[in-house]
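S.K.: Here's a structure for you.
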Amino acid sequence: MTGKQKNIFQVALLVVYLTGISFQLTAQPAKKKVIAERVKDAPEIDALLGDSSWKNATVATDFYQFIPYNGKPATYKSEVKFIYNDMAIYVGAMLYDPRPDSIFTELSQRDEISMADYFGVYFDCFNDNLAAFGFFVTASGVQVDMKSGQSFGEDGSWDAVWQSEIKICDSGWIAEFKIPWSALRFPKTEKQVWGLQIFRNIMRYKENTTWNFINREVDGINNQAGELHGIQNIDPPLRLSFVPYVAGYLEKNPESKSWGYSYNYGLDLKFGINESYTLDMTLIPDFGQVQSDDKVYNLTPFEIYYDEKRPFFTEGTELFNKGNIFYTRRLGSKPSGHDHVADEIASSEVITKNPPEANLINATKISGKNKKNLALGIFNGMTANTKAEVSDTVTGASRRILTEPFTNFNMFVLDQALKNNSFVSLFNTNVYKPSNEYSANVTGSEIRLADKSNNYFIYGQGIVSQKYKDEVHPEFGYKYMLIAGKMSGNFTCYGSHDLISDKYDQNDMGYLERNNYIADHLTLSYNIYKPVWRILDWFNELSLSYEQQYFPRKYVGLFIKYETHSTFKNHLTVWFDGMISPLENNDYFEPRVKGWYFERPPHFYFNTGFSPDYRHRFVVDTDFGIKYSKGFDQFNYWLSLEPRFRVNDKLMIVFEFAGDDDKNNFGHVKHYGGSNSDSAIIFGSRDIITIENSLQANYRFTNKSSLDFRLRHYWITLKYNEFFDLQENGSLVHSFYSENENLGVNIFNIDLVYSWNFAPGSEINVVWKNFIETSDESIIAGTLANEIAGDYFTNLGATVHSPATNSFSLKVIYYLDYQYLRRTKKPEERRNG
């Protein structure tokens, strides 16, 4: 793209953005208010609401529909009351329904809402519209708690210890909560005014209702909440809890001739420094029972990103997501020297032990917000020296090889809430390895400003990275981002400018797929939120992106993308998205050598699918797509099917199939030499077939006890057709390279988990994990259909009979609250204990 074309593009960004400001929103109704009454005697949590404490409480009622008919009155009446004492806040709800036998009551795991009616509340304790605590319960008694925030959406990983009971009666169903003050964070003021939103779902109508009206055309949820008044002079007890655990393992891997055993024990501690700030600490953590990753074979030049699943690192970490510079899986990740051990041993030595993860010693976080709406977050974690063990088969001597030195990880965050759902933040991460005299710092700030109507916004971010090692000159890099737009109404739009320098690197503690680029984006959206014709809602988005390399400044690509999805009145959801790149793209990452690029021809793709109404016992989700490039005669198609069978309210079975057939995919094979002048880079044209199948079965004995089974098989085959030498101008010429690079990789794993929550915050888990990974260079060219019809099942049979890693484990976690451990209790505390 020429400089003139670039200028035209940037002017278009501005013109379309300014055009958007002519769209106006309808006025929001006044906030509702309800009073919480202080009581002397705490109610019994039995879902009867018959205690005298509830009699004088004011009622929150008159709910509005959120979905499907936004703004219309709720179909059925709901009445909700709030009372409190120095121990907890209590919620009582009478949810009327003339057909209680039609209430959906499917059981699910804690923190999951399946096909069941539900009720819940959001408490925005600082009333700043930025973050709220959510407490929900389904009509089958399953607890769901979460946090909701302007900057992070809904965080379902956050967990609290609280009580709830439900009861289905002739008039509908009743829910009753006891939420200890220890589960909340609030300012230290005499009189509290909280943001409050109340939710109810009637699943058979797919109707979501709220107490304070939420206009779907207005961005945000917390900013459209009502208010809870009446809470004052709270004298909460000391917030201190302990969660000790003990775990035992029986394990066998392919290198072992017999089963081995091990055991671990440790402790999680939570201490309320005051009403606003909390200390969380995990000592000698154990994550051996965490669900297996869905590993894949990596053909890209980038690191594969895997979601965090370890509880301590998923709970209450939204403050540490500021700037997106903290990837928690860096703690306890694969040691940097793990794959080099084989290169450091003698011919007579064998590796007897090579830990796949660095040994995490402890992790601590302090987080909270004061009455001036200043949030503070401090995180620190340590990993110990990690060593491989090798032994000499001749002499019998053994030695240890360091694969990862002791490392300290630290993050510091300050986040000041401003008016109009705005904020300004400062954050820093630091990684320090004393033995290497190595440290890496990333420091940045971000700001978001919105107008009073929550119609327009501007967001800015600036971050600097610094790396120090021995006497080497420090390496500095930077990035910045600017976004501005209209975020509410049927029509929304925003433009963004994003720059990351070639020296910027946050990957010691964060995750960044690529640096050294500049990107300009323009996005236009038009959404229909209210039912029209046969449609319940309809979302449309058109985006235009222009990308360049930062240094040296070079053109990368131009991309035009369209996305749409709609839900019909029969609750069938359909979607379509497509992208076209009308010009050649210069890929500066695929060659894996600095300064080189691969010129990809123009291409396009589209993807479409549908998802039926999940209220039916059996449904099938479907997704299909095609990608095509005429330049290299590349053709790629994919198909996924997900049958879901709800056998009854206790048993759910889900099967997922995903197949991908990529013909004439061009990519890096290997390269020789390291500098720009003497590199020889080999590319290949290859046919890639990927098949992934998974089977999940969940049986819920009760709302506190469950058995979960998950099986996954991933198979990828690469068959090379021709090899090429990459030229400095990005083109390819035929190569005489003739090594066999064909490959087939299988990854097979099973997770079987029995879980029993035998007391609040306490559980017993019994887990079996099976893992197999194989590779094979004897690959025969074929098609996706051929693989499914024949070779796939032959391959699967061989895989499941391959040597496997097996692990059986038992883990007991017990929650201990300081208030229940005290020998002497006040009468009121005894009644509530």
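Residue numbering restarts at 1 in every chain; chains get A, B, ... in the order shown in the structure tokens, and ligands count up from 1 in that same order.
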Which neighbours of Phe551 of chain A fall inside 8 Å, counting only C-alpha atoms, when residues of the same chain fewer than 5 positions from it are skipped, and could you give them as a compact mmCIF listing (two decimals) with N, CA, C and O atoms, in the first residue's frame?

M.R.:
# COMPACT_ATOMS: atom_id res chain seq x y z
N SER A 501 7.19 -1.92 19.44
CA SER A 501 8.53 -1.80 18.87
C SER A 501 9.18 -3.17 18.72
O SER A 501 8.75 -4.16 19.31
N ASP A 502 10.27 -3.21 17.95
CA ASP A 502 10.96 -4.46 17.70
C ASP A 502 11.70 -4.98 18.92
O ASP A 502 12.03 -6.17 19.00
N ASN A 516 7.09 -5.80 17.03
CA ASN A 516 7.58 -5.18 15.79
C ASN A 516 6.46 -5.02 14.75
O ASN A 516 6.59 -5.45 13.61
N TYR A 517 5.37 -4.38 15.16
CA TYR A 517 4.32 -4.11 14.18
C TYR A 517 3.52 -2.87 14.56
O TYR A 517 3.50 -2.43 15.71

S.K.: I'd like the neighbourhood of Leu732 of chain A as a list in words, where a residue qualifies if any of its atoms comes within 10 Å (using only C-alpha atoms), though same-chain residues fewer than 2 positions away should be ignored.

M.R.: Phe598, Glu599, Ile681, Ile682, Phe683, Gly684, Phe723, Phe724, Asp725, Leu726, Gln727, Glu728, Asn729, Gly730, His734 and Ser735 of chain A

S.K.: Counting only C-alpha atoms, which residues of segment 186-282 of chain A fall within 8 Å of segment 482-488 of chain A, and what is the closest atom pair for each with its distance in Å at one decimal, ordered by chain and rising number, as a Markdown table?

M.R.:
| residue | atom | partner | partner_atom | distance |
| --- | --- | --- | --- | --- |
| A:Glu217 | CA | A:Ser488 | CA | 5.6 |
| A:Val218 | CA | A:Ser488 | CA | 4.6 |
| A:Asp219 | CA | A:Ser488 | CA | 5.1 |

S.K.: Residues near Val350 of chain A, anyone? I mean within 8 Å using only C-alpha atoms, not counting same-chain ones fewer than 2 positions away, as a list in words.

M.R.: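 Near neighbours after the sequence-gap exclusion: Ile345, Ser348, Thr352, Val390, Ser391, Asp392 and Thr393 of chain A.
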
S.K.: Write the residues you've just listed into a file as a compact mmCIF listing (two decimals), in the first residue's frame, and include N, CA, C and O atoms for each of them.

M.R.:
# COMPACT_ATOMS: atom_id res chain seq x y z
N ILE A 345 24.73 -34.60 28.26
CA ILE A 345 25.12 -35.85 28.91
C ILE A 345 26.06 -36.66 28.03
O ILE A 345 26.07 -36.50 26.80
N SER A 348 27.33 -42.60 27.80
CA SER A 348 27.02 -43.68 28.74
C SER A 348 25.98 -43.28 29.78
O SER A 348 25.59 -44.07 30.63
N THR A 352 17.31 -39.93 34.15
CA THR A 352 16.39 -40.65 35.04
C THR A 352 15.25 -39.77 35.52
O THR A 352 14.19 -40.27 35.90
N VAL A 390 20.60 -37.48 36.07
CA VAL A 390 21.12 -38.43 35.08
C VAL A 390 22.02 -39.42 35.81
O VAL A 390 22.59 -39.12 36.86
N SER A 391 22.13 -40.62 35.26
CA SER A 391 22.99 -41.64 35.86
C SER A 391 23.84 -42.29 34.77
O SER A 391 23.44 -42.38 33.60
N ASP A 392 25.04 -42.73 35.18
CA ASP A 392 25.97 -43.37 34.26
C ASP A 392 25.73 -44.88 34.29
O ASP A 392 25.81 -45.52 35.35
N THR A 393 25.45 -45.46 33.13
CA THR A 393 25.13 -46.89 33.06
C THR A 393 26.37 -47.76 33.26
O THR A 393 26.24 -48.97 33.49

S.K.: Find the residue from A:Ser731, A:Ser140, A:Asn570, A:Asn441 that sits nearest to Gly477 of chain A; use only C-alpha atoms when measuring.

M.R.: A:Asn441

S.K.: Against segment 115-136 of chain A, which residues of segment 159-196 of chain A fall within 9 Å? For each one I want the closest pair of atoms and the distance in Å (one decimal), counting only C-alpha atoms, rows by chain and increasing residue number, as CSV.

M.R.:
residue,atom,partner,partner_atom,distance
A:Ala160,CA,A:Phe135,CA,8.9
A:Trp162,CA,A:Phe135,CA,8.9
A:Ala175,CA,A:Phe119,CA,7.6
A:Phe177,CA,A:Phe135,CA,8.6
A:Ile179,CA,A:Phe135,CA,8.6
A:Ala183,CA,A:Phe133,CA,8.9
A:Leu184,CA,A:Phe133,CA,7.3
A:Arg185,CA,A:Cys125,CA,6.8
A:Phe186,CA,A:Cys125,CA,5.2
A:Pro187,CA,A:Phe126,CA,6.5
A:Gln192,CA,A:Cys125,CA,7.9
A:Val193,CA,A:Asn127,CA,6.8
A:Trp194,CA,A:Cys125,CA,4.7
A:Gly195,CA,A:Asp124,CA,4.5
A:Leu196,CA,A:Phe123,CA,5.1

S.K.: Take the residues from that selection and put them in a file with N, CA and C atoms, as an mmCIF file, in the first residue's frame.

M.R.:
data_model
loop_
_atom_site.group_PDB
_atom_site.id
_atom_site.type_symbol
_atom_site.label_atom_id
_atom_site.label_comp_id
_atom_site.auth_asym_id
_atom_site.auth_seq_id
_atom_site.Cartn_x
_atom_site.Cartn_y
_atom_site.Cartn_z
ATOM 1 N N ALA A 160 -16.271 -17.683 46.569
ATOM 2 C CA ALA A 160 -16.454 -17.257 47.952
ATOM 3 C C ALA A 160 -17.108 -18.390 48.728
ATOM 4 N N TRP A 162 -20.116 -19.109 51.137
ATOM 5 C CA TRP A 162 -21.378 -18.522 51.584
ATOM 6 C C TRP A 162 -22.429 -19.626 51.595
ATOM 7 N N ALA A 175 -35.483 -18.621 47.325
ATOM 8 C CA ALA A 175 -34.031 -18.676 47.504
ATOM 9 C C ALA A 175 -33.661 -17.824 48.714
ATOM 10 N N PHE A 177 -30.085 -16.550 50.969
ATOM 11 C CA PHE A 177 -28.624 -16.486 51.021
ATOM 12 C C PHE A 177 -28.166 -15.946 52.371
ATOM 13 N N ILE A 179 -24.492 -14.275 53.148
ATOM 14 C CA ILE A 179 -23.208 -13.911 52.563
ATOM 15 C C ILE A 179 -22.370 -13.226 53.642
ATOM 16 N N ALA A 183 -16.747 -12.388 52.615
ATOM 17 C CA ALA A 183 -16.808 -12.679 51.179
ATOM 18 C C ALA A 183 -16.821 -11.411 50.332
ATOM 19 N N LEU A 184 -16.904 -10.247 50.979
ATOM 20 C CA LEU A 184 -17.054 -8.987 50.267
ATOM 21 C C LEU A 184 -15.917 -8.034 50.608
ATOM 22 N N ARG A 185 -15.728 -7.031 49.777
ATOM 23 C CA ARG A 185 -14.795 -5.932 50.036
ATOM 24 C C ARG A 185 -15.590 -4.657 49.937
ATOM 25 N N PHE A 186 -15.480 -3.777 50.937
ATOM 26 C CA PHE A 186 -16.277 -2.558 50.934
ATOM 27 C C PHE A 186 -15.506 -1.461 51.644
ATOM 28 N N PRO A 187 -15.850 -0.206 51.413
ATOM 29 C CA PRO A 187 -15.107 0.902 52.023
ATOM 30 C C PRO A 187 -15.398 1.015 53.518
ATOM 31 N N GLN A 192 -23.072 2.904 54.211
ATOM 32 C CA GLN A 192 -22.726 2.278 52.941
ATOM 33 C C GLN A 192 -23.835 2.518 51.913
ATOM 34 N N VAL A 193 -23.441 2.850 50.700
ATOM 35 C CA VAL A 193 -24.360 2.895 49.560
ATOM 36 C C VAL A 193 -23.748 2.034 48.462
ATOM 37 N N TRP A 194 -24.396 0.929 48.180
ATOM 38 C CA TRP A 194 -23.871 -0.017 47.199
ATOM 39 C C TRP A 194 -24.678 0.018 45.908
ATOM 40 N N GLY A 195 -24.005 -0.247 44.816
ATOM 41 C CA GLY A 195 -24.724 -0.548 43.595
ATOM 42 C C GLY A 195 -25.350 -1.937 43.734
ATOM 43 N N LEU A 196 -26.563 -2.094 43.240
ATOM 44 C CA LEU A 196 -27.277 -3.366 43.384
ATOM 45 C C LEU A 196 -28.019 -3.692 42.099
#

S.K.: Do a neighbour search on Phe624 of chain A at 9 Å with only C-alpha atoms, toss out local chain neighbours closer than 5 positions, and write the hits as a VMD selection string.

M.R.: chain A and resid 606 to 609 637 to 641

S.K.: I want to know what sits within 8 Å of Lys33 of chain A, based on only C-alpha atoms, with residues of the same chain fewer than 5 positions away left out; could you give that as a PDB file with N, CA and C atoms, in the first residue's frame?

M.R.:
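Once written, around.pdb looks like this:
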ATOM      1  N   GLY A 226     -29.224  -0.488  40.271  1.00  0.00           N
ATOM      2  CA  GLY A 226     -29.887   0.347  41.262  1.00  0.00           C
ATOM      3  C   GLY A 226     -28.974   0.527  42.466  1.00  0.00           C
ATOM      4  N   GLU A 227     -29.566   0.885  43.618  1.00  0.00           N
ATOM      5  CA  GLU A 227     -28.760   1.141  44.810  1.00  0.00           C
ATOM      6  C   GLU A 227     -29.349   0.447  46.026  1.00  0.00           C
ATOM      7  N   LEU A 228     -28.456  -0.031  46.885  1.00  0.00           N
ATOM      8  CA  LEU A 228     -28.824  -0.631  48.162  1.00  0.00           C
ATOM      9  C   LEU A 228     -28.390   0.319  49.267  1.00  0.00           C
ATOM     10  N   HIS A 229     -29.356   0.773  50.065  1.00  0.00           N
ATOM     11  CA  HIS A 229     -29.092   1.694  51.174  1.00  0.00           C
ATOM     12  C   HIS A 229     -29.372   0.982  52.495  1.00  0.00           C
TER      13      HIS A 229
END

S.K.: Quick one: everything within 6 Å of Phe655 of chain A, counting only C-alpha atoms, minus sequence neighbours fewer than 5 positions away in the same chain. Send it as a list in words.

M.R.: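 Counting only C-alpha atoms, the residues come to Glu642, Pro643, Ser694 and Leu695 of chain A.
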